[in-house]
>>> print(open('data05.cif').read())   # mmCIF, C-alpha atoms and all ligand atoms
data_structure
loop_
_atom_site.group_PDB
_atom_site.id
_atom_site.type_symbol
_atom_site.label_atom_id
_atom_site.label_comp_id
_atom_site.auth_asym_id
_atom_site.auth_seq_id
_atom_site.Cartn_x
_atom_site.Cartn_y
_atom_site.Cartn_z
ATOM 1 C CA MET A 1 -12.917 3.394 16.587
ATOM 2 C CA SER A 2 -15.667 2.371 14.154
ATOM 3 C CA ARG A 3 -18.962 1.547 15.839
ATOM 4 C CA PRO A 4 -18.929 -2.157 16.734
ATOM 5 C CA ASN A 5 -22.026 -4.289 16.321
ATOM 6 C CA SER A 6 -23.996 -4.235 19.540
ATOM 7 C CA PRO A 7 -23.284 -7.081 21.982
ATOM 8 C CA SER A 8 -26.862 -8.272 21.773
ATOM 9 C CA GLU A 9 -26.508 -8.743 18.035
ATOM 10 C CA PHE A 10 -23.700 -11.225 18.302
ATOM 11 C CA ARG A 11 -24.296 -12.623 21.779
ATOM 12 C CA LEU A 12 -21.209 -11.171 23.336
ATOM 13 C CA GLU A 13 -21.091 -13.415 26.374
ATOM 14 C CA ALA A 14 -21.553 -16.602 24.349
ATOM 15 C CA LEU A 15 -18.856 -15.480 21.970
ATOM 16 C CA ARG A 16 -16.491 -14.604 24.813
ATOM 17 C CA ALA A 17 -17.009 -18.077 26.313
ATOM 18 C CA CYS A 18 -16.460 -19.819 22.969
ATOM 19 C CA LEU A 19 -13.344 -17.848 22.033
ATOM 20 C CA GLU A 20 -11.750 -18.091 25.474
ATOM 21 C CA ALA A 21 -12.360 -21.855 25.556
ATOM 22 C CA MET A 22 -10.875 -22.217 22.081
ATOM 23 C CA ALA A 23 -7.858 -20.094 23.061
ATOM 24 C CA ARG A 24 -7.271 -22.274 26.150
ATOM 25 C CA ARG A 25 -7.479 -25.458 24.089
ATOM 26 C CA LEU A 26 -5.348 -24.214 21.197
ATOM 27 C CA ASP A 27 -2.233 -26.331 20.917
ATOM 28 C CA PRO A 28 0.682 -24.200 19.632
ATOM 29 C CA GLU A 29 2.406 -27.347 18.357
ATOM 30 C CA ALA A 30 -0.620 -28.256 16.238
ATOM 31 C CA VAL A 31 -0.721 -24.690 14.872
ATOM 32 C CA LYS A 32 2.988 -24.797 14.027
ATOM 33 C CA ARG A 33 2.634 -28.099 12.191
ATOM 34 C CA LEU A 34 0.144 -26.506 9.793
ATOM 35 C CA ASP A 35 0.592 -22.738 9.827
ATOM 36 C CA PRO A 36 3.404 -20.842 8.000
ATOM 37 C CA ILE A 37 4.647 -19.573 11.399
ATOM 38 C CA GLY A 38 5.809 -23.133 12.131
ATOM 39 C CA VAL A 39 8.748 -22.654 9.750
ATOM 40 C CA VAL A 40 9.728 -19.403 11.535
ATOM 41 C CA HIS A 41 9.948 -21.204 14.895
ATOM 42 C CA ARG A 42 12.717 -23.466 13.600
ATOM 43 C CA TYR A 43 15.117 -20.539 14.068
ATOM 44 C CA GLU A 44 16.331 -19.423 17.492
ATOM 45 C CA ASP A 45 17.907 -16.072 16.634
ATOM 46 C CA PRO A 46 15.405 -13.150 16.548
ATOM 47 C CA ASN A 47 17.209 -11.783 13.450
ATOM 48 C CA ASP A 48 16.503 -14.993 11.549
ATOM 49 C CA ARG A 49 12.982 -15.176 12.918
ATOM 50 C CA GLU A 50 12.045 -11.691 11.711
ATOM 51 C CA VAL A 51 13.420 -12.311 8.215
ATOM 52 C CA MET A 52 11.614 -15.647 7.972
ATOM 53 C CA ALA A 53 8.425 -14.111 9.411
ATOM 54 C CA LEU A 54 8.447 -11.470 6.693
ATOM 55 C CA ILE A 55 8.861 -13.959 3.849
ATOM 56 C CA ALA A 56 6.454 -16.490 5.433
ATOM 57 C CA SER A 57 3.742 -13.848 5.787
ATOM 58 C CA ALA A 58 4.378 -12.605 2.243
ATOM 59 C CA VAL A 59 3.686 -16.053 0.750
ATOM 60 C CA ALA A 60 0.730 -16.767 3.087
ATOM 61 C CA PHE A 61 -1.605 -16.712 0.147
ATOM 62 C CA GLY A 62 -3.380 -19.781 -1.233
ATOM 63 C CA ARG A 63 -3.751 -23.258 0.224
ATOM 64 C CA VAL A 64 -1.838 -23.803 3.445
ATOM 65 C CA GLN A 65 -0.166 -26.979 2.134
ATOM 66 C CA SER A 66 1.159 -25.121 -0.904
ATOM 67 C CA ILE A 67 2.386 -22.250 1.324
ATOM 68 C CA ARG A 68 4.318 -24.710 3.479
ATOM 69 C CA ARG A 69 5.833 -26.381 0.384
ATOM 70 C CA SER A 70 7.027 -23.016 -0.933
ATOM 71 C CA LEU A 71 8.376 -22.066 2.475
ATOM 72 C CA GLU A 72 10.447 -25.252 2.626
ATOM 73 C CA LYS A 73 12.078 -24.241 -0.683
ATOM 74 C CA ILE A 74 12.660 -20.700 0.588
ATOM 75 C CA ALA A 75 14.173 -22.015 3.839
ATOM 76 C CA ASP A 76 16.501 -24.279 1.812
ATOM 77 C CA ALA A 77 17.572 -21.331 -0.337
ATOM 78 C CA LEU A 78 18.320 -19.138 2.693
ATOM 79 C CA GLY A 79 20.202 -21.761 4.678
ATOM 80 C CA PRO A 80 20.456 -21.984 8.482
ATOM 81 C CA TRP A 81 21.083 -18.243 9.097
ATOM 82 C CA PRO A 82 18.676 -16.291 6.853
ATOM 83 C CA ALA A 83 19.503 -12.837 8.298
ATOM 84 C CA GLN A 84 23.220 -13.344 7.777
ATOM 85 C CA PHE A 85 22.624 -14.807 4.339
ATOM 86 C CA ILE A 86 20.692 -11.777 3.060
ATOM 87 C CA GLU A 87 23.256 -9.436 4.632
ATOM 88 C CA MET A 88 26.197 -11.168 2.935
ATOM 89 C CA SER A 89 24.599 -11.842 -0.474
ATOM 90 C CA ASP A 90 24.593 -9.397 -3.325
ATOM 91 C CA GLU A 91 21.549 -8.884 -5.543
ATOM 92 C CA LYS A 92 22.827 -11.224 -8.273
ATOM 93 C CA GLU A 93 23.387 -14.064 -5.820
ATOM 94 C CA LEU A 94 19.968 -13.676 -4.213
ATOM 95 C CA LEU A 95 18.227 -13.550 -7.598
ATOM 96 C CA GLU A 96 20.063 -16.687 -8.754
ATOM 97 C CA ARG A 97 19.342 -18.563 -5.520
ATOM 98 C CA PHE A 98 15.631 -17.752 -5.735
ATOM 99 C CA HIS A 99 15.280 -18.217 -9.501
ATOM 100 C CA PRO A 100 13.817 -21.781 -9.318
ATOM 101 C CA ILE A 101 11.211 -20.830 -6.682
ATOM 102 C CA VAL A 102 7.659 -20.016 -7.762
ATOM 103 C CA HIS A 103 4.740 -19.500 -5.407
ATOM 104 C CA ARG A 104 1.475 -19.008 -7.279
ATOM 105 C CA ILE A 105 1.820 -15.650 -9.107
ATOM 106 C CA TYR A 106 5.124 -14.807 -7.387
ATOM 107 C CA ARG A 107 8.423 -15.636 -8.984
ATOM 108 C CA GLY A 108 11.669 -16.162 -7.162
ATOM 109 C CA ALA A 109 12.860 -12.724 -8.297
ATOM 110 C CA ASP A 110 9.903 -11.064 -6.523
ATOM 111 C CA LEU A 111 10.761 -12.853 -3.275
ATOM 112 C CA ALA A 112 14.491 -12.090 -3.639
ATOM 113 C CA ARG A 113 13.694 -8.383 -4.110
ATOM 114 C CA LEU A 114 11.490 -8.402 -1.034
ATOM 115 C CA LEU A 115 14.449 -9.801 0.909
ATOM 116 C CA LEU A 116 16.704 -7.066 -0.502
ATOM 117 C CA ALA A 117 14.265 -4.524 0.930
ATOM 118 C CA ALA A 118 14.360 -6.376 4.266
ATOM 119 C CA ARG A 119 18.167 -6.210 4.165
ATOM 120 C CA ASP A 120 18.032 -2.427 3.560
ATOM 121 C CA LEU A 121 15.588 -1.941 6.428
ATOM 122 C CA ARG A 122 17.787 -3.970 8.771
ATOM 123 C CA ARG A 123 20.855 -1.931 7.727
ATOM 124 C CA ILE A 124 19.073 1.386 8.302
ATOM 125 C CA HIS A 125 17.160 0.563 11.487
ATOM 126 C CA GLY A 126 19.132 -2.336 12.988
ATOM 127 C CA SER A 127 16.282 -4.830 12.640
ATOM 128 C CA LEU A 128 12.816 -5.162 11.144
ATOM 129 C CA ALA A 129 11.454 -4.915 14.692
ATOM 130 C CA GLN A 130 13.048 -1.493 15.151
ATOM 131 C CA ALA A 131 11.823 -0.384 11.731
ATOM 132 C CA ILE A 132 8.278 -1.272 12.831
ATOM 133 C CA GLU A 133 8.666 0.738 16.036
ATOM 134 C CA ARG A 134 10.060 3.799 14.218
ATOM 135 C CA PHE A 135 7.518 3.711 11.382
ATOM 136 C CA ALA A 136 4.688 3.780 13.938
ATOM 137 C CA GLN A 137 6.000 6.763 15.875
ATOM 138 C CA THR A 138 4.607 9.617 13.790
ATOM 139 C CA PRO A 139 1.126 9.753 12.236
ATOM 140 C CA LEU A 140 1.020 10.626 8.544
ATOM 141 C CA GLY A 141 -0.613 14.049 8.528
ATOM 142 C CA GLU A 142 -1.990 13.486 5.002
ATOM 143 C CA ALA A 143 -5.578 14.487 4.192
ATOM 144 C CA TRP A 144 -6.600 11.130 2.675
ATOM 145 C CA ALA A 145 -5.685 9.365 5.938
ATOM 146 C CA LEU A 146 -8.562 11.100 7.754
ATOM 147 C CA SER A 147 -11.187 9.188 5.782
ATOM 148 C CA HIS A 148 -9.329 5.855 5.628
ATOM 149 C CA PRO A 149 -10.909 2.874 7.480
ATOM 150 C CA LEU A 150 -7.797 2.946 9.697
ATOM 151 C CA ALA A 151 -8.238 6.631 10.598
ATOM 152 C CA SER A 152 -9.026 5.595 14.184
ATOM 153 C CA ARG A 153 -5.604 3.876 14.348
ATOM 154 C CA PRO A 154 -3.238 6.539 12.961
ATOM 155 C CA ARG A 155 -0.083 4.765 14.186
ATOM 156 C CA LEU A 156 -1.039 1.529 12.470
ATOM 157 C CA LEU A 157 -1.936 3.367 9.264
ATOM 158 C CA ALA A 158 1.409 5.220 9.272
ATOM 159 C CA LEU A 159 3.226 1.947 9.944
ATOM 160 C CA LEU A 160 1.488 0.128 7.077
ATOM 161 C CA VAL A 161 2.153 2.972 4.634
ATOM 162 C CA ARG A 162 5.853 3.304 5.531
ATOM 163 C CA LEU A 163 6.532 -0.417 5.834
ATOM 164 C CA GLY A 164 4.744 -1.128 2.538
ATOM 165 C CA ASP A 165 6.655 1.637 0.719
ATOM 166 C CA ALA A 166 9.982 0.367 2.086
ATOM 167 C CA LEU A 167 9.242 -3.267 1.187
ATOM 168 C CA ARG A 168 8.322 -2.303 -2.385
ATOM 169 C CA ALA A 169 11.586 -0.394 -2.858
ATOM 170 C CA HIS A 170 13.262 -3.095 -5.009
ATOM 171 C CA LEU A 171 10.099 -4.441 -6.657
ATOM 172 C CA PRO A 172 9.112 -3.427 -10.182
ATOM 173 C CA ALA A 173 5.681 -1.825 -10.594
ATOM 174 C CA SER A 174 4.201 -5.077 -11.903
ATOM 175 C CA ARG A 175 0.966 -6.744 -10.853
ATOM 176 C CA PRO A 176 2.569 -9.650 -8.933
ATOM 177 C CA SER A 177 4.850 -7.190 -7.111
ATOM 178 C CA LEU A 178 1.949 -4.983 -6.083
ATOM 179 C CA HIS A 179 0.082 -8.094 -4.981
ATOM 180 C CA LEU A 180 3.087 -9.248 -2.937
ATOM 181 C CA VAL A 181 3.226 -5.959 -1.009
ATOM 182 C CA PRO A 182 -0.090 -4.167 -1.571
ATOM 183 C CA SER A 183 -0.691 -0.540 -0.731
ATOM 184 C CA VAL A 184 -2.928 0.363 2.173
ATOM 185 C CA ARG A 185 -3.397 3.761 0.499
ATOM 186 C CA HIS A 186 -5.354 2.099 -2.289
ATOM 187 C CA GLY A 187 -7.727 0.247 0.019
ATOM 188 C CA SER A 188 -5.993 -3.135 0.299
ATOM 189 C CA THR A 189 -6.867 -5.239 3.340
ATOM 190 C CA CYS A 190 -3.076 -5.778 3.753
ATOM 191 C CA LYS A 191 -3.847 -9.175 5.245
ATOM 192 C CA ARG A 192 -0.292 -10.456 5.018
ATOM 193 C CA LEU A 193 1.347 -7.293 6.380
ATOM 194 C CA LEU A 194 -1.120 -7.384 9.286
ATOM 195 C CA LEU A 195 -0.254 -11.053 9.808
ATOM 196 C CA PHE A 196 3.451 -10.120 9.898
ATOM 197 C CA LEU A 197 2.652 -7.425 12.469
ATOM 198 C CA ARG A 198 0.608 -9.846 14.568
ATOM 199 C CA TRP A 199 3.491 -12.318 14.637
ATOM 200 C CA MET A 200 6.072 -9.603 15.356
ATOM 201 C CA CYS A 201 4.163 -7.533 17.926
ATOM 202 C CA ARG A 202 2.039 -9.957 19.949
ATOM 203 C CA PRO A 203 3.830 -11.466 22.950
ATOM 204 C CA ALA A 204 5.776 -14.692 22.487
ATOM 205 C CA ASP A 205 3.107 -17.286 23.276
ATOM 206 C CA GLY A 206 4.440 -20.305 21.401
ATOM 207 C CA ILE A 207 2.908 -19.002 18.154
ATOM 208 C CA ASP A 208 3.506 -15.238 17.931
ATOM 209 C CA LEU A 209 7.044 -13.926 18.369
ATOM 210 C CA GLY A 210 7.002 -10.825 20.597
ATOM 211 C CA LEU A 211 9.870 -9.104 18.766
ATOM 212 C CA ALA A 212 8.507 -5.571 18.240
ATOM 213 C CA ARG A 213 6.663 -3.127 20.485
ATOM 214 C CA PHE A 214 3.364 -1.725 19.244
ATOM 215 C CA PRO A 215 0.119 -1.074 21.179
ATOM 216 C CA LEU A 216 -1.721 -4.395 20.850
ATOM 217 C CA SER A 217 -5.150 -2.781 21.234
ATOM 218 C CA GLU A 218 -4.529 -0.937 17.945
ATOM 219 C CA LEU A 219 -3.673 -4.003 15.878
ATOM 220 C CA VAL A 220 -6.224 -5.102 13.288
ATOM 221 C CA ILE A 221 -7.057 -8.690 12.516
ATOM 222 C CA PRO A 222 -5.530 -10.034 9.264
ATOM 223 C CA MET A 223 -8.773 -10.618 7.399
ATOM 224 C CA ASP A 224 -8.740 -13.648 5.110
ATOM 225 C CA THR A 225 -11.667 -15.519 3.629
ATOM 226 C CA HIS A 226 -11.858 -18.009 6.526
ATOM 227 C CA VAL A 227 -11.857 -15.366 9.246
ATOM 228 C CA HIS A 228 -14.339 -13.278 7.270
ATOM 229 C CA ARG A 229 -16.803 -16.167 6.986
ATOM 230 C CA PHE A 230 -16.657 -16.878 10.726
ATOM 231 C CA ALA A 231 -17.002 -13.149 11.468
ATOM 232 C CA ARG A 232 -20.109 -12.928 9.285
ATOM 233 C CA ALA A 233 -21.668 -16.015 10.837
ATOM 234 C CA LEU A 234 -20.988 -14.569 14.295
ATOM 235 C CA GLY A 235 -22.495 -11.206 13.351
ATOM 236 C CA LEU A 236 -19.221 -9.332 13.844
ATOM 237 C CA THR A 237 -19.455 -7.704 10.434
ATOM 238 C CA SER A 238 -22.131 -7.237 7.822
ATOM 239 C CA SER A 239 -19.569 -6.546 5.119
ATOM 240 C CA LYS A 240 -19.893 -9.027 2.263
ATOM 241 C CA SER A 241 -16.212 -8.859 1.376
ATOM 242 C CA PRO A 242 -13.092 -9.288 3.513
ATOM 243 C CA SER A 243 -12.242 -5.573 3.245
ATOM 244 C CA MET A 244 -10.166 -3.371 5.545
ATOM 245 C CA ARG A 245 -13.437 -1.867 6.775
ATOM 246 C CA ALA A 246 -14.606 -5.376 7.760
ATOM 247 C CA ALA A 247 -11.252 -6.088 9.457
ATOM 248 C CA VAL A 248 -11.565 -2.909 11.544
ATOM 249 C CA GLU A 249 -15.195 -3.696 12.377
ATOM 250 C CA VAL A 250 -14.277 -7.209 13.568
ATOM 251 C CA SER A 251 -11.262 -5.945 15.534
ATOM 252 C CA ASP A 252 -13.428 -3.315 17.248
ATOM 253 C CA ALA A 253 -15.970 -6.003 18.140
ATOM 254 C CA LEU A 254 -13.219 -8.258 19.519
ATOM 255 C CA ARG A 255 -12.055 -5.338 21.680
ATOM 256 C CA LEU A 256 -15.311 -5.802 23.596
ATOM 257 C CA ILE A 257 -13.955 -9.196 24.626
ATOM 258 C CA ASP A 258 -10.306 -8.279 25.091
ATOM 259 C CA GLU A 259 -9.807 -4.544 25.097
ATOM 260 C CA LYS A 260 -6.016 -4.805 25.340
ATOM 261 C CA ASP A 261 -5.318 -7.588 22.848
ATOM 262 C CA PRO A 262 -8.244 -8.231 20.477
ATOM 263 C CA VAL A 263 -6.100 -9.836 17.774
ATOM 264 C CA ARG A 264 -5.095 -12.753 20.022
ATOM 265 C CA PHE A 265 -8.233 -14.527 18.757
ATOM 266 C CA ASP A 266 -6.914 -14.530 15.189
ATOM 267 C CA ALA A 267 -4.862 -17.674 15.819
ATOM 268 C CA VAL A 268 -7.905 -19.670 16.955
ATOM 269 C CA LEU A 269 -10.077 -18.467 14.065
ATOM 270 C CA CYS A 270 -7.339 -19.107 11.503
ATOM 271 C CA HIS A 271 -6.611 -22.564 12.822
ATOM 272 C CA LEU A 272 -10.310 -23.437 12.849
ATOM 273 C CA GLY A 273 -10.567 -22.176 9.258
ATOM 274 C CA PHE A 274 -7.686 -24.421 8.167
ATOM 275 C CA THR A 275 -9.214 -27.501 9.745
ATOM 276 C CA GLN A 276 -12.936 -26.787 9.389
ATOM 277 C CA PRO A 277 -13.898 -23.952 7.030
ATOM 278 C CA CYS A 278 -17.191 -22.186 7.783
ATOM 279 C CA PRO A 279 -19.932 -22.862 5.207
ATOM 280 C CA LEU A 280 -21.705 -19.648 6.303
ATOM 281 C CA ALA A 281 -24.952 -21.588 6.167
ATOM 282 C CA PRO A 282 -26.270 -24.070 8.718
ATOM 283 C CA ARG A 283 -25.118 -27.558 7.881
ATOM 284 C CA HIS A 284 -25.211 -30.605 10.085
ATOM 285 C CA ASP A 285 -21.544 -31.063 9.412
ATOM 286 C CA PRO A 286 -19.335 -29.079 10.141
ATOM 287 C CA CYS A 287 -21.679 -26.821 12.188
ATOM 288 C CA GLN A 288 -22.629 -29.620 14.586
ATOM 289 C CA ARG A 289 -19.034 -29.884 15.779
ATOM 290 C CA CYS A 290 -18.127 -26.177 15.385
ATOM 291 C CA PRO A 291 -16.866 -24.742 18.715
ATOM 292 C CA LEU A 292 -18.438 -21.383 17.807
ATOM 293 C CA ARG A 293 -21.968 -22.642 17.233
ATOM 294 C CA ARG A 294 -23.372 -21.383 20.561
ATOM 295 C CA ALA A 295 -22.455 -17.846 19.509
ATOM 296 C CA CYS A 296 -23.257 -18.254 15.823
ATOM 297 C CA ALA A 297 -26.240 -16.262 14.533
ATOM 298 C CA VAL A 298 -26.523 -18.545 11.496
ATOM 299 C CA TRP A 299 -26.591 -21.751 13.552
ATOM 300 C CA MET A 300 -28.894 -20.373 16.261
ATOM 301 C CA GLY A 301 -31.342 -19.172 13.595
ATOM 302 C CA HIS A 302 -31.339 -22.653 12.088
ATOM 303 C CA GLU A 303 -31.911 -24.282 15.505
ATOM 304 C CA LYS A 304 -34.937 -22.088 16.137
ATOM 305 C CA SER A 305 -36.517 -22.735 12.739
HETATM 306 S S1 LIG B 1 -21.738 -23.037 13.402
HETATM 307 FE FE1 LIG B 1 -21.499 -23.333 11.173
HETATM 308 S S2 LIG B 1 -22.081 -21.356 10.231
HETATM 309 FE FE2 LIG B 1 -21.692 -21.009 12.444
HETATM 310 S S3 LIG B 1 -19.541 -20.355 12.572
HETATM 311 FE FE3 LIG B 1 -19.583 -22.568 12.903
HETATM 312 S S4 LIG B 1 -19.251 -23.468 10.875
HETATM 313 FE FE4 LIG B 1 -19.839 -21.316 10.555
#
>>> encode(input="data05.cif", output="structure tokens")
Amino acid sequence: MSRPNSPSEFRLEALRACLEAMARRLDPEAVKRLDPIGVVHRYEDPNDREVMALIASAVAFGRVQSIRRSLEKIADALGPWPAQFIEMSDEKELLERFHPIVHRIYRGADLARLLLAARDLRRIHGSLAQAIERFAQTPLGEAWALSHPLASRPRLLALLVRLGDALRAHLPASRPSLHLVPSVRHGSTCKRLLLFLRWMCRPADGIDLGLARFPLSELVIPMDTHVHRFARALGLTSSKSPSMRAAVEVSDALRLIDEKDPVRFDAVLCHLGFTQPCPLAPRHDPCQRCPLRRACAVWMGHEKS
């Protein structure tokens, strides 16, 4: 575990109170109306949910409204039973069905090829959930892994390497493809793969799905710009970029609040970021109404001055 910031630095008790209050108040229905996971919850069958969770996390890049628009098109293309659809379709059919879809730098063909990889994984392991569980069983045993920011979480590192490799199996070695499923070996934050793992592995709580078993204490927060800005304001990381090192640092700090399930606070931070992004500098608005302000080093410094 990387050394967390000391509790005195980020006012641990104030932060605990703020985050727990936010978690209690968080309305899963409000999250689902805005967040990509809302589309996943339209499906009842766990097989459909895991396929939709993979594609929804993969396109969780850019403005949330644009992500939801793209997801509606993807859901239309896959029909009411996405798992069955990818199982029954051949490559040509999937590529044709996805041809009109574009999400930022990703073309429909990239998304179709990701789904072909998901189909292969489901054929080999029975489900994506079982693939996750198997990929995490054995640490890598490769020298580079010992100095990786995730070295303290060897099962998660092995899982990200194996899952990433498997999901890239049908993708060409082009820039958009490598962006769609980045490599943890090369230092990517793997925000969207970590988001997929959060959804899949955290218990079903109206937002996350509880489909795969993985030690929750070892999960790392999916670090996006919003979460990174809050984490900096709260003193959870000094890293200036939303790197994997920052994600581990923040997750280790959140373990001081919930040792068993630190990543459960991701939903509250993400939702706050969607509705009220952090300016990372004291401003009357939105800081005045920010539910984190009593634990925020930036705001408290401003109050004192
Ligand atoms: S009080 Fe302001 S600076 Fe602090 S976390 Fe909230 S929005 Fe960010």
>>> closest_atom_pairs(input="data05.cif", of="chain A", to="ligand LIG 1 (chain B)", cutoff="8 Å", atoms="only C-alpha atoms and all ligand atoms", output="tab-separated table")
residue	atom	partner	partner_atom	distance
A:Arg229	CA	B:LIG1	FE4	7.0
A:Phe230	CA	B:LIG1	S3	4.9
A:Ala231	CA	B:LIG1	S3	7.7
A:Ala233	CA	B:LIG1	S3	5.1
A:Leu234	CA	B:LIG1	S3	6.2
A:Gln276	CA	B:LIG1	S4	7.3
A:Pro277	CA	B:LIG1	S4	6.6
A:Cys278	CA	B:LIG1	S4	3.9
A:Pro279	CA	B:LIG1	FE4	5.6
A:Leu280	CA	B:LIG1	S2	4.3
A:Ala281	CA	B:LIG1	S2	5.0
A:Pro282	CA	B:LIG1	S2	5.2
A:Arg283	CA	B:LIG1	FE1	6.5
A:Asp285	CA	B:LIG1	FE1	7.9
A:Pro286	CA	B:LIG1	S4	5.7
A:Cys287	CA	B:LIG1	FE1	3.6
A:Gln288	CA	B:LIG1	S1	6.7
A:Arg289	CA	B:LIG1	S1	7.7
A:Cys290	CA	B:LIG1	FE3	4.6
A:Pro291	CA	B:LIG1	FE3	6.8
A:Leu292	CA	B:LIG1	FE3	5.2
A:Arg293	CA	B:LIG1	S1	3.9
A:Arg294	CA	B:LIG1	S1	7.5
A:Ala295	CA	B:LIG1	FE2	7.8
A:Cys296	CA	B:LIG1	FE2	4.6
A:Ala297	CA	B:LIG1	FE2	6.9
A:Val298	CA	B:LIG1	S2	5.4
A:Trp299	CA	B:LIG1	S1	5.0
>>> resolve_selection(input="data05.cif", expression="the PyMOL selection byres (((chain A and resi 188) around 12) and not hetatm)", output="PyMOL selection string")
chain A and resi 148-150+157+160-161+164+178-187+189-194+222-224+241-247
>>> write_last_selection(input="data05.cif", atoms="C-alpha atoms", output="mmCIF file, in the frame of the given file")
data_model
loop_
_atom_site.group_PDB
_atom_site.id
_atom_site.type_symbol
_atom_site.label_atom_id
_atom_site.label_comp_id
_atom_site.auth_asym_id
_atom_site.auth_seq_id
_atom_site.Cartn_x
_atom_site.Cartn_y
_atom_site.Cartn_z
ATOM 1 C CA HIS A 148 -9.329 5.855 5.628
ATOM 2 C CA PRO A 149 -10.909 2.874 7.480
ATOM 3 C CA LEU A 150 -7.797 2.946 9.697
ATOM 4 C CA LEU A 157 -1.936 3.367 9.264
ATOM 5 C CA LEU A 160 1.488 0.128 7.077
ATOM 6 C CA VAL A 161 2.153 2.972 4.634
ATOM 7 C CA GLY A 164 4.744 -1.128 2.538
ATOM 8 C CA LEU A 178 1.949 -4.983 -6.083
ATOM 9 C CA HIS A 179 0.082 -8.094 -4.981
ATOM 10 C CA LEU A 180 3.087 -9.248 -2.937
ATOM 11 C CA VAL A 181 3.226 -5.959 -1.009
ATOM 12 C CA PRO A 182 -0.090 -4.167 -1.571
ATOM 13 C CA SER A 183 -0.691 -0.540 -0.731
ATOM 14 C CA VAL A 184 -2.928 0.363 2.173
ATOM 15 C CA ARG A 185 -3.397 3.761 0.499
ATOM 16 C CA HIS A 186 -5.354 2.099 -2.289
ATOM 17 C CA GLY A 187 -7.727 0.247 0.019
ATOM 18 C CA THR A 189 -6.867 -5.239 3.340
ATOM 19 C CA CYS A 190 -3.076 -5.778 3.753
ATOM 20 C CA LYS A 191 -3.847 -9.175 5.245
ATOM 21 C CA ARG A 192 -0.292 -10.456 5.018
ATOM 22 C CA LEU A 193 1.347 -7.293 6.380
ATOM 23 C CA LEU A 194 -1.120 -7.384 9.286
ATOM 24 C CA PRO A 222 -5.530 -10.034 9.264
ATOM 25 C CA MET A 223 -8.773 -10.618 7.399
ATOM 26 C CA ASP A 224 -8.740 -13.648 5.110
ATOM 27 C CA SER A 241 -16.212 -8.859 1.376
ATOM 28 C CA PRO A 242 -13.092 -9.288 3.513
ATOM 29 C CA SER A 243 -12.242 -5.573 3.245
ATOM 30 C CA MET A 244 -10.166 -3.371 5.545
ATOM 31 C CA ARG A 245 -13.437 -1.867 6.775
ATOM 32 C CA ALA A 246 -14.606 -5.376 7.760
ATOM 33 C CA ALA A 247 -11.252 -6.088 9.457
#
>>> atom_distance(input="data05.cif", atom1="atom CA of A:Pro139", atom2="atom CA of A:Arg213")
16.3 Å
>>> resolve_selection(input="data05.cif", expression="the PyMOL selection byres (((chain A and resi 69-74) around 12) and not hetatm)", output="ChimeraX atom specification")
/A:34-40,42,51-68,75-80,82,94,97-104,106-109,111-112,115
>>> resolve_selection(input="data05.cif", expression="the PyMOL selection byres (((chain A and resi 118-122) around 10) and not hetatm)", output="PyMOL selection string")
chain A and resi 47+50-51+54-55+83-89+112-117+123-132+163+166-170
>>> write_last_selection(input="data05.cif", atoms="C-alpha atoms", output="compact mmCIF listing (two decimals), keeping the file's coordinate frame")
# COMPACT_ATOMS: atom_id res chain seq x y z
CA ASN A 47 17.21 -11.78 13.45
CA GLU A 50 12.04 -11.69 11.71
CA VAL A 51 13.42 -12.31 8.22
CA LEU A 54 8.45 -11.47 6.69
CA ILE A 55 8.86 -13.96 3.85
CA ALA A 83 19.50 -12.84 8.30
CA GLN A 84 23.22 -13.34 7.78
CA PHE A 85 22.62 -14.81 4.34
CA ILE A 86 20.69 -11.78 3.06
CA GLU A 87 23.26 -9.44 4.63
CA MET A 88 26.20 -11.17 2.94
CA SER A 89 24.60 -11.84 -0.47
CA ALA A 112 14.49 -12.09 -3.64
CA ARG A 113 13.69 -8.38 -4.11
CA LEU A 114 11.49 -8.40 -1.03
CA LEU A 115 14.45 -9.80 0.91
CA LEU A 116 16.70 -7.07 -0.50
CA ALA A 117 14.26 -4.52 0.93
CA ARG A 123 20.86 -1.93 7.73
CA ILE A 124 19.07 1.39 8.30
CA HIS A 125 17.16 0.56 11.49
CA GLY A 126 19.13 -2.34 12.99
CA SER A 127 16.28 -4.83 12.64
CA LEU A 128 12.82 -5.16 11.14
CA ALA A 129 11.45 -4.92 14.69
CA GLN A 130 13.05 -1.49 15.15
CA ALA A 131 11.82 -0.38 11.73
CA ILE A 132 8.28 -1.27 12.83
CA LEU A 163 6.53 -0.42 5.83
CA ALA A 166 9.98 0.37 2.09
CA LEU A 167 9.24 -3.27 1.19
CA ARG A 168 8.32 -2.30 -2.38
CA ALA A 169 11.59 -0.39 -2.86
CA HIS A 170 13.26 -3.10 -5.01
>>> atom_distance(input="data05.cif", atom1="atom CA of A:His302", atom2="atom CA of A:Leu256")
25.9 Å
>>> residues_around(input="data05.cif", residues="A:Pro28", least_positions_apart="4", cutoff="9 Å", atoms="all atoms listed in the file", output="count of residues only")
5
>>> atom_distance(input="data05.cif", atom1="atom CA of A:Ile257", atom2="atom CA of A:His228")
17.8 Å
>>> closest_residue(input="data05.cif", among="A:Ala30, A:Leu219, A:Ala253, A:Val227", to="A:Arg153", atoms="all atoms listed in the file")
A:Leu219
>>> closest_residue(input="data05.cif", among="A:Arg134, A:Pro203, A:Pro176, A:Met22", to="A:Ala158", atoms="all atoms listed in the file")
A:Arg134
